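*Asks:* I have a structure I would like to understand better, so I am pasting it below and will then ask my questions one at a time.
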Amino acid sequence: MFVAPLIQRKRDGQALEPAEWTSLIRAYAAGTVPDYQMSAMLMAVLFQGLEDSELGALTDAMLRSGARLEFGPDVPPRIDKHSTGGVGDKVSLVLAPLVASVGVAVPMMSGRGLGHTGGTLDKLEAIPGFRTSLTLDRATAQVERIGCALFGQTEQIAPADRRLYALRDATGTVESIPLIATSIMSKKLAEGLNGLVLDVKTGPGAFLQELDESLDLARTMIRLGKERGCPTVALLTAMDRPLGMACGNALETAEAIAILRGEGPADVREVTLALGAEMLVLGEIEPDTATARRRLERALESGAGLETFRIIIEAQGGDPRVVEDMNRLPRAGAVVPVEASSDGYVTSIAPRPVGRAIAELGGGRARIEDTIDPSVGVVLRVKPGDQVTTGDAMAEVHARDPESARRVLSLMQAVMPVSDTPPPPLPPLISHRVTDHGVEVLSG
Ligand code: URA
């Protein structure tokens with residue numbers, strides 16, 4: 001295949017024919033297009049974008065490069081959630097079992113943390129014994145049996161995206177709305193879904209930091225989903241501060257269990273209930289989000305969501321006793337407080353440096369093949385706007401040893417500045433709801 005003329009046309013702002021995208025991706029997946037040509041094409045897309053027909057063709061070609069989950073006729077509606085990633089985002093660990101406990105099937109394929117963002121697979125693997133590498137047959141059978149499987153992308157799912165994503169990571173071509181949208185949707189559509197809910201993070205800790213970019217990404221993915229028979233809804237949620245209090249793998253897993261027990265921070269619970277309500281409506285389990293939310297609240301109160309999480313952990317080889325005894329999760333060797341150095345108000349808690357502090361402690365990775373320490377991280381004790389007095393513990397650093405804790409203490413102090421005057425109110429936690437009918441601005 002002659003790739004150079006395609007690169008030149010894309011570089012010059014022309015659209016390629018759908019059949020050209022199909023052939024290009026097929027040839028790349030087969031190993032007959034070299035990475036250097038594909039890198040040039042990705043850079044051309046980053047600058048020139050993709051037209052609607054190209055977006056669809058690229059998504060379909062990546063989807064067809066691998067297998068799909070296929071379910072029998074008696075399986076309940078399959079609905080998944082995807083988050084574009086942030087710091088402290090442990091929502092999937094709460095949401096998947098909670099929604100499955102009320103009768104929606106959740107085949108949730110997730111990723112690992114990279115850069116400053118965490119990943120669901122790493123949080124799950126903090127549970128002793130938990131296996132996230134399921135074959136597609138095993139994941140399908142588990143969804144049919146217990147309503148949920150939490151697993152990683154295998155070689156079988158959208159292998160073209162797997163290679164392309166690694167290439168984008170190495171060539172500065174991740175931050176492209178059409179490339180992000182086609183990458184995410186090709187994998188999600190392979191799950192055999194009846195509907196998809198997107199948590200599009202917005203703000204300085206998100207992949208895309210500007211509101212209009214987040215809205216554009218949401219609309220693009222919604223259109224791709226709808227055209228392929230997978231109704232898709234998006235909520236835009238704030239990533240100008242970490243979500244919840246715990247940041248770091250085992251610490252976040254513990255916080256997720258706390259929420260399933262009816263405890264835990266209000267913001268994580270709120271985002272979980274809002275996304276879950278959309279999932280129940282898409283699955284036609286409830287007629288509207290208000291009724292759906294009440295149903296999920298009851299499943300939290302009754303412990304049904306926690307019990308489903310226990311069953312999932314057991315099915316995937318993990319120690320189910322963690323749901324009663326969180327001390328079974330890995331624990332860091334040293335816990336050191338981050339103290340307020342003056343009286344005043346916490347003005348902000350920037351998520352990216354918190355994510356970097358976790359990586360510095362050994363809990364995140366710079367490259368996908370890096371190994372991580374699940375026990376380390378940071379637990380916040382305050383939110384932006386809270387009042388503190390000198391010496392108050394604003395956070396705890398959980399580190400391998402006191403020396404590595406000390407290395408991030410000054411970083412954490414800088415991340416949580418204290419000032420005499422209270423900061424302006426935080427932007428809403430859930431700011432917009434996007435459907436194929438348009439954008440609704442939400443108040444909270
Ligand atoms: N997540 C993905 O799966 N793909 C992207 O391109 C970005 C985030």
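Letters for chains follow the order of the structure tokens (A, B, ...), residue numbers begin at 1 for each chain, and ligand numbers begin at 1 in the order shown.
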Do you know which residues are within 10 Å of ligand 1 using only C-alpha atoms and all ligand atoms? Can you write them as a PyMOL selection string?
*Replies:* chain A and resi 82-85+110-112+114+153+161-162+164-166+168-169+173-188+207-208
*Asks:* Write out as a Markdown table a residue-level contact list of stretch 260-364 of chain A versus stretch 413-416 of chain A with cut-off 7 Å: for each qualifying residue the closest pair of atoms and the distance in Å to one decimal, counting only C-alpha atoms, rows sorted by chain and residue number upward.
*Replies:*
| residue | atom | partner | partner_atom | distance |
| --- | --- | --- | --- | --- |
| A:Val338 | CA | A:Gln413 | CA | 6.5 |
| A:Val346 | CA | A:Met416 | CA | 6.2 |
| A:Ser348 | CA | A:Met416 | CA | 5.9 |
| A:Ile349 | CA | A:Met416 | CA | 5.1 |
| A:Ala350 | CA | A:Val415 | CA | 6.0 |
| A:Pro353 | CA | A:Val415 | CA | 6.7 |
*Asks:* Give me the residues near A:Lys226 as a ChimeraX atom specification, where near means some atom within 10 Å (using only C-alpha atoms) and where sequence neighbours in that chain fewer than 6 positions away do not count.
*Replies:* /A:195-196,232-233,435-436
*Asks:* Store the residues picked out above in a file with C-alpha atoms, as a PDB file, in the first residue's frame.
*Replies:*
ATOM      1  CA  GLY A 195     -25.503   1.898  25.948  1.00  0.00           C
ATOM      2  CA  LEU A 196     -22.555   3.886  27.225  1.00  0.00           C
ATOM      3  CA  THR A 232     -24.320   7.358  24.536  1.00  0.00           C
ATOM      4  CA  VAL A 233     -24.720  10.085  27.157  1.00  0.00           C
ATOM      5  CA  THR A 435     -26.870  13.825  24.732  1.00  0.00           C
ATOM      6  CA  ASP A 436     -27.527  13.548  21.016  1.00  0.00           C
TER       7      ASP A 436
END
*Asks:* Point out the residue among A:His398, A:Arg293, A:Lys90, A:Lys81 with the least atom-to-atom distance to A:Gly264, counting only C-alpha atoms.
*Replies:*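 Using only C-alpha atoms, A:Gly264 sits closest to A:Lys90.
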*Asks:* Given the choices A:Val378, A:Val75, A:Val441, A:Met326, which gets closest to A:Val106 if the distance is worked out from only C-alpha atoms?
*Replies:*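 Selected residue with least distance to A:Val106: A:Val75.
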*Asks:* Go ahead and compute the interatomic distance for atom CA of A:Ala57 and atom CA of A:Glu20, in Å to one decimal.
*Replies:*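 Interatomic distance, atom CA of A:Ala57 to atom CA of A:Glu20: 8.8 Å.
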*Asks:* Once DSSP has gone over the backbone, tell me which residues of stretch 54-116 of chain A are in alpha helix (DSSP H), as a count of residues only.
*Replies:* 22
*Asks:* Which neighbours of A:Gln37 fall inside 12 Å, counting only C-alpha atoms, when residues of the same chain fewer than 2 positions from it are skipped, and could you give them as a tab-separated table (two decimals) with C-alpha atoms, in the first residue's frame?
*Replies:*
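The resulting result10.tsv:
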chain	number	residue	atom	x	y	z
A	1	MET	CA	0.00	0.00	0.00
A	2	PHE	CA	1.27	3.51	-0.86
A	3	VAL	CA	0.94	5.43	2.37
A	4	ALA	CA	2.93	8.59	1.53
A	5	PRO	CA	0.22	10.06	-0.78
A	6	LEU	CA	-2.39	9.53	1.98
A	7	ILE	CA	-0.16	11.32	4.50
A	8	GLN	CA	0.38	14.19	2.06
A	24	LEU	CA	-4.53	1.79	6.16
A	25	ILE	CA	-5.60	0.40	9.54
A	27	ALA	CA	-2.26	-2.82	6.77
A	28	TYR	CA	-0.95	-1.24	9.99
A	31	GLY	CA	2.48	-4.93	10.28
A	32	THR	CA	2.97	-3.80	6.68
A	33	VAL	CA	2.86	-0.06	7.41
A	34	PRO	CA	5.87	1.09	9.42
A	35	ASP	CA	5.51	3.12	12.61
A	39	SER	CA	3.40	8.57	13.19
A	40	ALA	CA	3.40	11.11	10.37
A	41	MET	CA	-0.25	10.33	9.67
A	42	LEU	CA	-1.17	10.75	13.35
A	43	MET	CA	0.58	14.12	13.43
A	44	ALA	CA	-1.29	15.18	10.28
A	164	LEU	CA	-1.68	3.21	17.78
A	167	LEU	CA	2.68	5.17	19.14
A	171	THR	CA	5.03	10.81	19.39
